[in-house]
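Enquirer: Data: protein-v3.cif, mmCIF, C-alpha atoms.
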data_coords
#
loop_
_atom_site.label_atom_id
_atom_site.label_comp_id
_atom_site.auth_asym_id
_atom_site.auth_seq_id
_atom_site.Cartn_x
_atom_site.Cartn_y
_atom_site.Cartn_z
CA MET G 1 0.00 0.00 0.00
CA ILE G 2 2.89 2.34 -0.62
CA GLU G 3 0.99 4.26 -3.33
CA LEU G 4 -1.75 5.26 -0.88
CA TYR G 5 0.84 6.80 1.43
CA ILE G 6 2.40 8.75 -1.45
CA ILE G 7 -0.99 10.09 -2.60
CA LEU G 8 -1.92 11.16 0.93
CA ILE G 9 1.38 12.96 1.51
CA LEU G 10 0.99 14.79 -1.82
CA MET G 11 -2.54 15.83 -0.84
CA ILE G 12 -1.34 17.19 2.51
CA ILE G 13 1.36 19.22 0.75
CA ALA G 14 -1.19 20.60 -1.76
CA ALA G 15 -3.59 21.50 1.10
CA MET G 16 -0.83 23.36 2.93
CA ALA G 17 0.01 25.25 -0.25
CA SER G 18 -3.65 26.15 -0.74
CA ILE G 19 -3.90 27.52 2.80
CA TYR G 20 -0.65 29.46 2.84
CA ILE G 21 -0.68 31.22 -0.57
CA GLU G 22 -2.10 34.73 -0.40
CA ASP G 23 -3.35 35.03 -3.98
CA LEU G 24 -6.93 33.77 -4.22
CA LEU G 25 -6.85 32.29 -7.74
CA SER G 26 -3.73 30.23 -7.00
CA SER G 27 -5.18 28.78 -3.81
CA VAL G 28 -8.38 27.73 -5.61
CA ILE G 29 -6.28 25.91 -8.23
CA ALA G 30 -4.34 24.17 -5.44
CA LEU G 31 -7.68 22.99 -4.06
CA GLY G 32 -8.26 21.33 -7.43
CA ALA G 33 -5.05 19.37 -6.94
CA VAL G 34 -6.40 18.00 -3.62
CA GLY G 35 -9.59 16.90 -5.34
CA PHE G 36 -7.73 15.06 -8.11
CA GLY G 37 -5.61 13.32 -5.48
CA ILE G 38 -8.80 12.05 -3.84
CA THR G 39 -9.93 10.66 -7.23
CA LEU G 40 -6.68 8.66 -7.55
CA ALA G 41 -7.06 7.39 -3.98
CA PHE G 42 -10.60 6.18 -4.77
CA LEU G 43 -9.24 4.29 -7.77
CA PHE G 44 -6.60 2.58 -5.63
CA LEU G 45 -9.25 1.62 -3.08
CA LYS G 46 -11.33 -0.19 -5.76
CA ALA G 47 -14.30 2.24 -5.88
CA PRO G 48 -14.87 3.23 -9.55
CA ASP G 49 -18.37 4.71 -9.02
CA LEU G 50 -17.01 7.21 -6.54
CA ALA G 51 -14.01 8.09 -8.70
CA ILE G 52 -16.21 9.13 -11.66
CA THR G 53 -18.56 11.17 -9.45
CA GLN G 54 -15.75 12.86 -7.49
CA LEU G 55 -13.93 13.87 -10.70
CA VAL G 56 -16.88 15.64 -12.33
CA VAL G 57 -18.06 17.22 -9.06
CA GLU G 58 -14.55 18.57 -8.50
CA ILE G 59 -14.52 20.16 -11.96
CA LEU G 60 -17.89 21.82 -11.36
CA SER G 61 -16.96 23.21 -7.95
CA LEU G 62 -13.72 24.62 -9.42
CA ILE G 63 -15.78 26.42 -12.09
CA ILE G 64 -18.09 27.93 -9.46
CA LEU G 65 -15.22 29.06 -7.21
CA ILE G 66 -13.25 30.62 -10.07
CA LYS G 67 -16.34 32.51 -11.22
CA ALA G 68 -16.53 34.11 -7.78
CA THR G 69 -12.89 35.13 -7.48
CA ILE G 70 -11.74 36.10 -10.94
CA LYS G 71 -13.44 39.48 -11.19
CA SER G 72 -12.82 40.73 -7.66
CA ASN G 73 -9.84 42.84 -6.66
CA ARG G 74 -7.23 40.34 -5.58
CA ASP G 75 -4.98 42.76 -3.78
CA ILE G 76 -2.68 41.11 -1.32
CA ASN G 77 -3.03 42.60 2.14
CA LYS G 78 -0.74 41.02 4.66
CA GLU G 79 -2.15 41.68 8.08
CA LYS G 80 -1.11 39.78 11.14
CA ASN G 81 -3.52 37.12 12.29
CA TYR G 82 -4.72 37.46 15.82
CA ILE G 83 -2.40 35.56 18.18
CA SER G 84 -5.24 34.39 20.40
CA TYR G 85 -6.96 32.66 17.44
CA ILE G 86 -3.77 30.81 16.56
CA PHE G 87 -3.27 29.59 20.14
CA LEU G 88 -6.87 28.44 20.44
CA ALA G 89 -6.78 26.59 17.11
CA SER G 90 -3.46 24.89 17.92
CA PHE G 91 -4.72 23.75 21.33
CA PHE G 92 -7.85 22.27 19.80
CA ILE G 93 -5.94 20.51 17.03
CA ILE G 94 -3.37 18.97 19.39
CA ALA G 95 -6.11 17.70 21.70
CA PHE G 96 -8.08 16.32 18.73
CA LEU G 97 -5.05 14.50 17.28
CA TYR G 98 -4.13 12.96 20.65
CA PHE G 99 -7.60 11.60 21.37
CA GLY G 100 -8.04 10.62 17.72
CA TYR G 101 -4.89 8.51 17.91
CA LYS G 102 -6.22 6.75 20.98
CA ALA G 103 -9.55 6.12 19.22
CA ILE G 104 -8.17 4.71 15.97
CA SER G 105 -6.12 2.17 17.90
CA GLU G 106 -9.42 0.44 18.68
CA LEU G 107 -10.46 0.15 15.02
CA PRO G 108 -9.83 -3.13 13.17
CA LYS G 109 -6.57 -3.39 11.27
CA PHE G 110 -6.46 -1.66 7.87
CA GLY G 111 -7.51 -4.18 5.21
CA PHE G 112 -9.56 -6.56 7.35
CA PRO G 113 -13.01 -5.00 7.76
CA ILE G 114 -15.90 -6.42 9.73
CA THR G 115 -18.69 -6.86 7.16
CA LYS G 116 -21.70 -7.97 9.13
CA VAL G 117 -24.37 -6.07 7.21
CA SER G 118 -22.67 -5.99 3.81
CA SER G 119 -22.32 -9.77 3.54
CA PHE G 120 -26.11 -9.90 3.07
CA TYR G 121 -25.92 -7.33 0.26
CA ILE G 122 -23.09 -9.16 -1.50
CA ARG G 123 -24.79 -12.54 -1.23
CA GLU G 124 -28.37 -11.59 -2.12
CA GLY G 125 -27.84 -8.58 -4.38
CA LEU G 126 -27.85 -10.43 -7.67
CA ASN G 127 -30.72 -12.77 -6.81
CA LYS G 128 -33.17 -10.17 -5.58
CA THR G 129 -32.59 -7.33 -8.04
CA LYS G 130 -30.74 -8.82 -11.03
CA ALA G 131 -28.47 -5.78 -11.12
CA VAL G 132 -24.81 -6.42 -11.76
CA ASN G 133 -23.55 -3.21 -10.11
CA LEU G 134 -23.88 -3.81 -6.37
CA VAL G 135 -23.57 -0.15 -5.39
CA SER G 136 -26.45 0.83 -7.72
CA SER G 137 -28.64 -1.90 -6.29
CA ILE G 138 -27.95 -0.60 -2.79
CA ILE G 139 -28.65 3.08 -3.45
CA LEU G 140 -31.74 2.57 -5.62
CA ASP G 141 -33.36 -0.57 -4.28
CA PHE G 142 -32.30 -1.55 -0.78
CA ARG G 143 -31.73 1.97 0.57
CA ALA G 144 -33.85 4.17 -1.67
CA TYR G 145 -34.89 6.51 1.17
CA ASP G 146 -31.38 7.96 1.26
CA THR G 147 -31.61 8.82 -2.44
CA LEU G 148 -34.95 10.53 -1.84
CA GLY G 149 -33.41 12.60 0.97
CA GLU G 150 -30.48 13.54 -1.22
CA ALA G 151 -32.78 14.68 -4.02
CA ILE G 152 -34.59 16.92 -1.52
CA VAL G 153 -31.30 18.45 -0.29
CA LEU G 154 -30.17 19.21 -3.85
CA PHE G 155 -33.51 20.83 -4.63
CA THR G 156 -33.26 22.97 -1.48
CA SER G 157 -29.78 24.17 -2.40
CA VAL G 158 -30.90 25.13 -5.94
CA VAL G 159 -33.87 27.07 -4.55
CA GLY G 160 -31.56 28.75 -2.03
CA VAL G 161 -29.09 29.91 -4.69
CA LEU G 162 -31.88 31.22 -6.92
CA SER G 163 -33.46 33.20 -4.09
CA VAL G 164 -30.21 34.72 -2.78
CA LEU G 165 -29.03 35.91 -6.20
CA ARG G 166 -32.24 37.70 -7.12
CA ARG G 167 -32.56 41.35 -8.04
CA ASN G 168 -35.62 43.41 -7.46
CA ASN G 169 -35.93 44.70 -11.00
CA GLU G 170 -35.21 41.41 -12.78
CA LYS G 171 -37.67 40.12 -15.32
CA MET C 1 -15.88 40.50 -35.20
CA LYS C 2 -16.04 39.16 -31.70
CA ASN C 3 -19.15 38.36 -29.74
CA ASN C 4 -19.40 39.85 -26.27
CA GLY C 5 -18.38 37.20 -23.76
CA GLY C 6 -17.52 34.50 -26.31
CA MET C 7 -14.12 33.09 -27.08
CA SER C 8 -12.02 33.01 -30.24
CA ILE C 9 -12.97 31.23 -33.43
CA ILE C 10 -10.78 28.17 -32.82
CA VAL C 11 -12.60 27.43 -29.56
CA LYS C 12 -15.98 27.81 -31.26
CA ARG C 13 -15.00 25.42 -34.02
CA ILE C 14 -13.86 22.72 -31.62
CA THR C 15 -16.89 23.20 -29.37
CA ARG C 16 -19.25 22.16 -32.13
CA ILE C 17 -17.65 18.70 -32.11
CA THR C 18 -16.99 18.15 -28.43
CA VAL C 19 -20.40 19.22 -27.05
CA SER C 20 -22.19 16.38 -28.81
CA LEU C 21 -19.54 13.87 -27.69
CA ILE C 22 -19.84 14.90 -24.04
CA PHE C 23 -23.65 14.74 -24.24
CA LEU C 24 -23.50 11.21 -25.66
CA PHE C 25 -21.05 10.12 -22.97
CA GLY C 26 -23.32 11.44 -20.21
CA VAL C 27 -26.36 9.58 -21.57
CA TYR C 28 -24.29 6.37 -21.84
CA ILE C 29 -23.10 6.59 -18.23
CA MET C 30 -26.69 7.06 -17.07
CA LEU C 31 -28.23 4.25 -19.12
CA HIS C 32 -25.71 1.61 -18.08
CA GLY C 33 -25.89 2.49 -14.41
CA HIS C 34 -26.80 -1.02 -13.36
CA LEU C 35 -24.18 -2.75 -15.50
CA SER C 36 -21.02 -0.69 -15.05
CA PRO C 37 -19.90 2.09 -12.71
CA GLY C 38 -21.69 5.41 -12.97
CA GLY C 39 -25.38 5.87 -12.41
CA GLY C 40 -27.74 8.82 -12.35
CA PHE C 41 -25.61 11.29 -10.37
CA ALA C 42 -22.48 11.14 -12.51
CA GLY C 43 -24.53 11.23 -15.72
CA GLY C 44 -26.46 14.31 -14.59
CA VAL C 45 -23.33 16.24 -13.68
CA ILE C 46 -21.73 15.38 -17.06
CA ILE C 47 -24.80 16.67 -18.92
CA ALA C 48 -24.70 19.92 -16.93
CA LEU C 49 -20.99 20.28 -17.79
CA SER C 50 -21.72 19.91 -21.51
CA PHE C 51 -24.22 22.77 -21.45
CA ILE C 52 -21.82 24.91 -19.39
CA HIS C 53 -19.19 24.22 -22.07
CA LEU C 54 -21.60 25.61 -24.68
CA VAL C 55 -22.32 28.75 -22.65
CA LEU C 56 -18.65 29.45 -21.93
CA ALA C 57 -17.57 29.13 -25.56
CA PHE C 58 -20.32 31.06 -27.33
CA GLY C 59 -21.17 33.81 -24.87
CA LYS C 60 -24.24 34.32 -22.77
CA ASP C 61 -26.59 35.98 -25.28
CA PHE C 62 -26.24 33.40 -28.01
CA ALA C 63 -26.57 30.34 -25.79
CA PHE C 64 -29.43 31.54 -23.60
CA ARG C 65 -31.58 32.18 -26.65
CA TYR C 66 -31.85 28.46 -27.26
CA PHE C 67 -31.89 27.07 -23.73
CA ASN C 68 -33.61 29.55 -21.49
CA LYS C 69 -34.36 29.58 -17.80
CA THR C 70 -37.92 28.25 -17.85
CA LEU C 71 -36.90 25.05 -19.62
CA ALA C 72 -34.26 24.31 -16.96
CA PHE C 73 -36.68 24.95 -14.08
CA PHE C 74 -39.35 22.79 -15.69
CA LEU C 75 -37.01 19.84 -16.27
CA GLU C 76 -35.79 19.89 -12.69
CA GLY C 77 -39.30 19.81 -11.29
CA LEU C 78 -40.25 17.07 -13.74
CA GLY C 79 -37.37 14.89 -12.58
CA GLY C 80 -38.30 15.24 -8.93
CA ILE C 81 -41.98 14.52 -9.53
CA LEU C 82 -41.12 11.49 -11.67
CA PHE C 83 -39.01 10.02 -8.86
CA LEU C 84 -41.86 10.47 -6.38
CA VAL C 85 -44.44 8.96 -8.74
CA ILE C 86 -42.28 5.87 -9.25
CA SER C 87 -41.96 5.38 -5.51
CA LEU C 88 -45.66 6.01 -4.80
CA LEU C 89 -46.75 3.51 -7.47
CA GLY C 90 -45.19 0.87 -5.27
CA ILE C 91 -47.88 1.52 -2.68
CA PHE C 92 -50.71 1.22 -5.18
CA ILE C 93 -49.44 -2.03 -6.65
CA GLY C 94 -47.93 -3.92 -3.78
CA GLY C 95 -48.54 -2.05 -0.57
CA ILE C 96 -44.89 -1.20 0.17
CA PHE C 97 -43.24 2.17 -0.48
CA PHE C 98 -40.47 1.85 -3.16
CA LEU C 99 -41.55 -1.63 -4.20
CA ASN C 100 -39.61 -2.97 -7.20
CA PHE C 101 -42.57 -3.76 -9.43
CA LEU C 102 -41.25 -3.65 -12.99
CA PRO C 103 -40.23 -7.01 -14.49
CA LYS C 104 -36.69 -8.03 -13.79
CA GLY C 105 -35.13 -9.75 -16.76
CA SER C 106 -31.97 -11.77 -16.72
CA PRO C 107 -28.76 -10.06 -15.62
CA PHE C 108 -26.38 -8.35 -18.09
CA ASN C 109 -29.27 -7.11 -20.25
CA LEU C 110 -30.05 -3.44 -20.67
CA PHE C 111 -33.71 -3.73 -19.61
CA SER C 112 -33.17 -5.75 -16.47
CA SER C 113 -33.46 -4.95 -12.77
CA GLY C 114 -36.88 -3.34 -12.68
CA ILE C 115 -37.16 0.05 -11.11
CA ILE C 116 -33.46 0.97 -11.17
CA LEU C 117 -33.47 2.15 -14.81
CA ALA C 118 -36.46 4.48 -14.34
CA SER C 119 -35.04 5.89 -11.09
CA ASN C 120 -31.71 6.53 -12.78
CA PHE C 121 -33.49 8.54 -15.49
CA ALA C 122 -35.42 10.65 -12.96
CA ILE C 123 -32.28 11.43 -10.93
CA PHE C 124 -30.43 12.27 -14.16
CA LEU C 125 -33.01 14.90 -15.16
CA LYS C 126 -33.11 16.41 -11.70
CA VAL C 127 -29.38 16.70 -11.07
CA GLY C 128 -28.53 17.91 -14.57
CA ALA C 129 -31.18 20.62 -14.77
CA GLY C 130 -30.59 21.74 -11.17
CA LEU C 131 -26.85 22.24 -11.57
CA PHE C 132 -27.33 24.05 -14.88
CA SER C 133 -29.80 26.47 -13.30
CA ILE C 134 -27.26 27.22 -10.53
CA PHE C 135 -24.78 28.18 -13.25
CA ILE C 136 -27.38 30.31 -15.05
CA ALA C 137 -28.09 32.21 -11.81
CA LEU C 138 -24.38 32.83 -11.15
CA SER C 139 -23.60 34.08 -14.66
CA LEU C 140 -26.68 36.26 -15.04
CA TYR C 141 -25.93 37.85 -11.67
CA ARG C 142 -22.42 38.71 -12.79
CA LEU C 143 -23.82 40.23 -15.98
CA SER C 144 -26.07 42.72 -14.26
CA GLU C 145 -23.47 43.71 -11.69
CA LYS C 146 -21.39 45.66 -14.17
CA GLU C 147 -23.69 48.69 -14.09
CA MET M 1 -2.85 2.70 11.50
CA GLY M 2 -0.59 5.32 9.97
CA ILE M 3 -2.90 5.93 7.06
CA TYR M 4 -5.88 6.70 9.31
CA PHE M 5 -3.71 9.20 11.14
CA LEU M 6 -2.74 10.98 7.90
CA CYS M 7 -6.46 11.34 7.16
CA LEU M 8 -6.97 12.98 10.56
CA VAL M 9 -4.08 15.35 9.81
CA LEU M 10 -5.79 16.43 6.57
CA PHE M 11 -9.03 17.02 8.51
CA SER M 12 -7.28 19.16 11.11
CA LEU M 13 -5.59 21.23 8.37
CA GLY M 14 -9.06 22.06 7.04
CA VAL M 15 -10.32 23.03 10.47
CA TRP M 16 -7.27 25.24 11.07
CA CYS M 17 -7.89 27.10 7.81
CA LEU M 18 -11.58 27.55 8.64
CA PHE M 19 -10.70 28.94 12.08
CA VAL M 20 -7.74 31.24 11.59
CA LYS M 21 -7.95 32.83 8.15
CA LYS M 22 -9.89 36.06 7.74
CA ASN M 23 -10.71 35.89 4.04
CA LEU M 24 -14.13 34.47 3.19
CA ILE M 25 -12.89 32.48 0.18
CA LYS M 26 -10.22 30.85 2.37
CA LYS M 27 -12.95 29.77 4.77
CA ILE M 28 -14.82 28.05 1.94
CA ILE M 29 -11.58 26.32 0.91
CA GLY M 30 -11.14 25.04 4.48
CA LEU M 31 -14.68 23.67 4.46
CA ALA M 32 -13.98 21.79 1.22
CA ILE M 33 -10.73 20.24 2.54
CA THR M 34 -12.54 19.05 5.69
CA GLU M 35 -15.24 17.39 3.64
CA TYR M 36 -12.72 15.60 1.35
CA ALA M 37 -10.90 14.18 4.38
CA ILE M 38 -14.10 12.74 5.90
CA ASN M 39 -15.12 11.09 2.63
CA LEU M 40 -11.70 9.46 2.29
CA PHE M 41 -11.79 8.18 5.88
CA PHE M 42 -15.04 6.29 5.31
CA ILE M 43 -13.77 4.54 2.22
CA LEU M 44 -10.53 3.59 3.98
CA LEU M 45 -12.60 1.77 6.61
CA GLY M 46 -14.15 -0.58 4.09
CA TYR M 47 -11.11 -1.78 2.16
CA LYS M 48 -10.19 -5.46 2.01
CA ILE M 49 -6.72 -6.48 0.89
CA GLY M 50 -6.74 -8.61 -2.26
CA ALA M 51 -10.42 -8.03 -3.11
CA ASP M 52 -12.03 -6.63 -6.27
CA ALA M 53 -14.42 -3.82 -7.09
CA PRO M 54 -18.11 -4.52 -6.27
CA ILE M 55 -19.14 -5.22 -9.89
CA LEU M 56 -19.79 -8.78 -11.01
CA GLU M 57 -18.33 -10.26 -14.18
CA LYS M 58 -19.75 -12.59 -16.76
CA ASN M 59 -17.71 -15.68 -16.00
CA ASN M 60 -17.76 -15.72 -12.19
CA LEU M 61 -20.92 -14.58 -10.46
CA SER M 62 -19.61 -14.70 -6.89
CA ILE M 63 -16.60 -12.57 -6.08
CA VAL M 64 -14.71 -11.40 -3.05
CA SER M 65 -15.42 -7.69 -3.03
CA VAL M 66 -14.70 -4.68 -0.88
CA ASP M 67 -17.43 -3.33 1.36
CA PRO M 68 -20.09 -1.72 -0.88
CA LEU M 69 -22.13 -0.10 1.89
CA PRO M 70 -19.80 2.85 2.73
CA GLN M 71 -19.45 3.53 -1.00
CA ALA M 72 -23.23 3.92 -1.34
CA LEU M 73 -23.35 6.39 1.56
CA ILE M 74 -20.38 8.49 0.41
CA LEU M 75 -21.80 8.76 -3.14
CA THR M 76 -24.68 10.77 -1.67
CA SER M 77 -22.33 12.82 0.48
CA ILE M 78 -20.15 13.95 -2.45
CA VAL M 79 -23.11 15.48 -4.30
CA ILE M 80 -24.42 17.17 -1.15
CA GLY M 81 -20.97 18.74 -0.65
CA LEU M 82 -21.28 20.32 -4.08
CA GLY M 83 -24.61 21.87 -3.04
CA ILE M 84 -23.02 23.32 0.11
CA ILE M 85 -20.15 24.92 -1.82
CA ALA M 86 -22.52 26.41 -4.42
CA PHE M 87 -24.74 27.99 -1.77
CA SER M 88 -21.80 29.39 0.24
CA VAL M 89 -20.32 30.95 -2.90
CA SER M 90 -23.62 32.66 -3.71
CA LEU M 91 -23.76 34.17 -0.19
CA VAL M 92 -20.15 35.38 -0.48
CA MET M 93 -20.86 37.01 -3.85
CA ARG M 94 -23.80 38.87 -2.38
CA LEU M 95 -21.66 40.10 0.54
CA TYR M 96 -18.92 41.24 -1.82
CA GLU M 97 -21.33 43.28 -3.88
CA LYS M 98 -22.51 45.19 -0.82
CA TYR M 99 -19.26 45.74 1.10
CA LYS M 100 -16.64 45.52 -1.72
CA THR M 101 -14.28 43.35 0.34
CA PHE M 102 -13.76 39.73 1.38
CA ASP M 103 -12.33 40.50 4.82
CA ILE M 104 -14.69 39.69 7.68
CA ASN M 105 -13.13 42.14 10.13
CA LYS M 106 -13.82 45.01 7.75
CA ILE M 107 -17.37 43.75 7.19
CA ASN M 108 -17.88 43.60 10.96
CA ASN M 109 -16.69 47.18 11.42
CA LEU M 110 -18.66 48.72 8.56
CA LYS M 111 -22.17 47.65 9.60
CA GLY M 112 -23.69 49.21 6.49
#
Using the file provided, produce a representation of the structure as structure tokens.

Expert:
Amino acid sequence: MIELYIILILMIIAAMASIYIEDLLSSVIALGAVGFGITLAFLFLKAPDLAITQLVVEILSLIILIKATIKSNRDINKEKNYISYIFLASFFIIAFLYFGYKAISELPKFGFPITKVSSFYIREGLNKTKAVNLVSSIILDFRAYDTLGEAIVLFTSVVGVLSVLRRNNEK
Amino acid sequence: MKNNGGMSIIVKRITRITVSLIFLFGVYIMLHGHLSPGGGFAGGVIIALSFIHLVLAFGKDFAFRYFNKTLAFFLEGLGGILFLVISLLGIFIGGIFFLNFLPKGSPFNLFSSGIILASNFAIFLKVGAGLFSIFIALSLYRLSEKE
Amino acid sequence: MGIYFLCLVLFSLGVWCLFVKKNLIKKIIGLAITEYAINLFFILLGYKIGADAPILEKNNLSIVSVDPLPQALILTSIVIGLGIIAFSVSLVMRLYEKYKTFDINKINNLKG
């Protein structure tokens, strides 16, 4: 699993570059590098459905973010961050990483999952639905309520965008 | 002669070819959702990207004459209502919400696995039209800000 | 266990950016990095060494596959993350039109 480690270290370096660079357009493009790294990691973890969806969603979110930043004045103003914010954030992150390390020691070893519920889906998926893609049979037949909830959330976000960006004298 | 907002003539020439290819690819990913990776969500986003490609290459005025706002709103509502009708028909036929009532053929055929094909089509319409109307709202807002 | 810990490091980088930076676009970038790290963590939990993708083939109809249930849940979560980013960007564009800046300290002081 050496390639997963390399991809994760490259993503951490790209995320640090995206946070540290002061120019807005360059940091949005560095965010695109993080997203493409996640797509490669999904391919190494044998999840092709997710890799296709993550790739096209990443492209669309890059288009939306660039449309917001390209026409604004991107002047670089270097002010000092407040010291109290930096101390508070560092304290929280160190506490979170310490307790997170204690918690992930209790998880099963990487590569040997406990599949109590999924063994039913793998065994009975083809017989009950005659669908070859197991992930499609889960999201549209066994667990279709989640897809209904996701359709409602997408509809709400579209209505929200259309009502925020409305002008009073628009036809 | 340069349209306002459009790109150069080389981009316009290439766009005529690639828009139809991307549209075909999106429909293929949606239709074979139960046979190979993909499904309704990925297909819908690819369709929205093909229309955004058309708008970015030809400028706002030319593209919005042929694909206006009301068509996008109507298709999104149609997709959502179609998904709900498919799930409610399960109650009328069998008594269970989301019952899989269409005939399931043999595996590896295109028309197998009952309700999954129709649900994929409804999700495809909804996601594609919804994401394209978000892009219409963002670009029309930018247009009227210049005053 | 090292790979789970690298995922937590990516998550905490996103939270640090969301907390400390003053620019509104940087806050949206921090939100996106946090969401990518959580999606990756779920898929790492369901991986089985030596197994195949959860798609059956024509010649063998029973395979050893990775866990398909986290993949179904994260597929929904990726598309919802796109909706969150689109809505946040529309709010930021509206704020920029009124106050002409992205800095939240200046927006706090103006109170137009």

Enquirer: Which one of C:Ala118, C:Ala57, C:Ile136, C:Leu125 sits closest to Arg13 in chain C if you count only C-alpha atoms?

Expert: C:Ala57

Enquirer: Neighbours of Gly160 in chain G within 12 Å (all atoms listed in the file; same-chain residues fewer than 3 positions away dropped), as a list in words?

Expert: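 These residues fall inside the cut-off: Val153, Leu154, Phe155, Thr156, Ser157, Ser163, Val164, Leu165 and Arg166 of chain G; Gly130, Ser133, Ile134 and Ala137 of chain C; Gly83, Ile84, Ala86, Phe87, Ser88, Val89, Ser90 and Leu91 of chain M.
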
Enquirer: Using the chain letters and residue numbers of this document, give as a list in words the residues selected by the PyMOL selection byres ((chain C and resi 19-29) around 9).

Expert: Ile14, Thr15, Arg16, Ile17, Thr18, Met30, Leu31, His32, Gly33, Ser36, Pro37, Gly38, Gly39, Gly40, Ala42, Gly43, Gly44, Val45, Ile46, Ile47, Leu49, Ser50, Phe51, His53, Leu54 and Phe124 of chain C

Enquirer: Could you pull the residues within 12 Å of Lys102 in chain G, counting all atoms listed in the file, minus those fewer than 5 positions along the same chain, as a list in words?

Expert: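 Once the nearby chain positions are removed, what remains is Ala95, Phe96, Leu97 and Leu107 of chain G; Met1, Tyr4 and Phe5 of chain M.
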
Enquirer: Name the residues that the PyMOL selection byres ((chain M and resi 8-17) around 8) picks from the file above, as a list of chain:residue names, using the file's chain letters and numbers.

Expert: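 Here the PyMOL selection byres ((chain M and resi 8-17) around 8) matches G:Ile12, G:Ala15, G:Met16, G:Ile19, G:Ala89, G:Ser90, G:Ile93, G:Leu97, G:Gly100, M:Tyr4, M:Phe5, M:Leu6, M:Cys7, M:Leu18, M:Phe19, M:Val20, M:Lys21, M:Lys26, M:Lys27, M:Ile29, M:Gly30, M:Leu31, M:Ala32, M:Ile33, M:Thr34, M:Glu35, M:Ala37, M:Ile38.
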
Enquirer: Would you put the residues from that selection into a file with C-alpha atoms, as a PDB file, in the coordinates of the input?

Expert:
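Output (result.pdb):
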ATOM      1  CA  ILE G  12      -1.340  17.190   2.510  1.00  0.00           C
ATOM      2  CA  ALA G  15      -3.590  21.500   1.100  1.00  0.00           C
ATOM      3  CA  MET G  16      -0.830  23.360   2.930  1.00  0.00           C
ATOM      4  CA  ILE G  19      -3.900  27.520   2.800  1.00  0.00           C
ATOM      5  CA  ALA G  89      -6.780  26.590  17.110  1.00  0.00           C
ATOM      6  CA  SER G  90      -3.460  24.890  17.920  1.00  0.00           C
ATOM      7  CA  ILE G  93      -5.940  20.510  17.030  1.00  0.00           C
ATOM      8  CA  LEU G  97      -5.050  14.500  17.280  1.00  0.00           C
ATOM      9  CA  GLY G 100      -8.040  10.620  17.720  1.00  0.00           C
TER      10      GLY G 100
ATOM     11  CA  TYR M   4      -5.880   6.700   9.310  1.00  0.00           C
ATOM     12  CA  PHE M   5      -3.710   9.200  11.140  1.00  0.00           C
ATOM     13  CA  LEU M   6      -2.740  10.980   7.900  1.00  0.00           C
ATOM     14  CA  CYS M   7      -6.460  11.340   7.160  1.00  0.00           C
ATOM     15  CA  LEU M  18     -11.580  27.550   8.640  1.00  0.00           C
ATOM     16  CA  PHE M  19     -10.700  28.940  12.080  1.00  0.00           C
ATOM     17  CA  VAL M  20      -7.740  31.240  11.590  1.00  0.00           C
ATOM     18  CA  LYS M  21      -7.950  32.830   8.150  1.00  0.00           C
ATOM     19  CA  LYS M  26     -10.220  30.850   2.370  1.00  0.00           C
ATOM     20  CA  LYS M  27     -12.950  29.770   4.770  1.00  0.00           C
ATOM     21  CA  ILE M  29     -11.580  26.320   0.910  1.00  0.00           C
ATOM     22  CA  GLY M  30     -11.140  25.040   4.480  1.00  0.00           C
ATOM     23  CA  LEU M  31     -14.680  23.670   4.460  1.00  0.00           C
ATOM     24  CA  ALA M  32     -13.980  21.790   1.220  1.00  0.00           C
ATOM     25  CA  ILE M  33     -10.730  20.240   2.540  1.00  0.00           C
ATOM     26  CA  THR M  34     -12.540  19.050   5.690  1.00  0.00           C
ATOM     27  CA  GLU M  35     -15.240  17.390   3.640  1.00  0.00           C
ATOM     28  CA  ALA M  37     -10.900  14.180   4.380  1.00  0.00           C
ATOM     29  CA  ILE M  38     -14.100  12.740   5.900  1.00  0.00           C
TER      30      ILE M  38
END

Enquirer: Write out as a VMD selection string every residue belonging to chain M that has an atom at most 6 Å from any atom of chain G, counting all atoms listed in the file.

Expert: chain M and resid 46 to 49 53 to 56 68 72 83 87

Enquirer: Output C-alpha atoms for every residue in the selection just made, as a PDB file, keeping the file's coordinate frame.

Expert:
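And here is the file that came out, result26.pdb:
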ATOM      1  CA  GLY M  46     -14.150  -0.580   4.090  1.00  0.00           C
ATOM      2  CA  TYR M  47     -11.110  -1.780   2.160  1.00  0.00           C
ATOM      3  CA  LYS M  48     -10.190  -5.460   2.010  1.00  0.00           C
ATOM      4  CA  ILE M  49      -6.720  -6.480   0.890  1.00  0.00           C
ATOM      5  CA  ALA M  53     -14.420  -3.820  -7.090  1.00  0.00           C
ATOM      6  CA  PRO M  54     -18.110  -4.520  -6.270  1.00  0.00           C
ATOM      7  CA  ILE M  55     -19.140  -5.220  -9.890  1.00  0.00           C
ATOM      8  CA  LEU M  56     -19.790  -8.780 -11.010  1.00  0.00           C
ATOM      9  CA  PRO M  68     -20.090  -1.720  -0.880  1.00  0.00           C
ATOM     10  CA  ALA M  72     -23.230   3.920  -1.340  1.00  0.00           C
ATOM     11  CA  GLY M  83     -24.610  21.870  -3.040  1.00  0.00           C
ATOM     12  CA  PHE M  87     -24.740  27.990  -1.770  1.00  0.00           C
TER      13      PHE M  87
END

Enquirer: For the structure provided, state which residues fall under the PyMOL selection byres ((chain C and resi 60) around 12), and present them as number ranges by chain.

Expert: C: 3-7, 51-59, 61-68, 135-143

Enquirer: For Ala122 in chain C, which of C:Val11, C:Ala48, C:Ala72, C:Leu78 is the closest residue, counting only C-alpha atoms?

Expert: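 Result for the nearest residue to Ala122 in chain C: C:Leu78.
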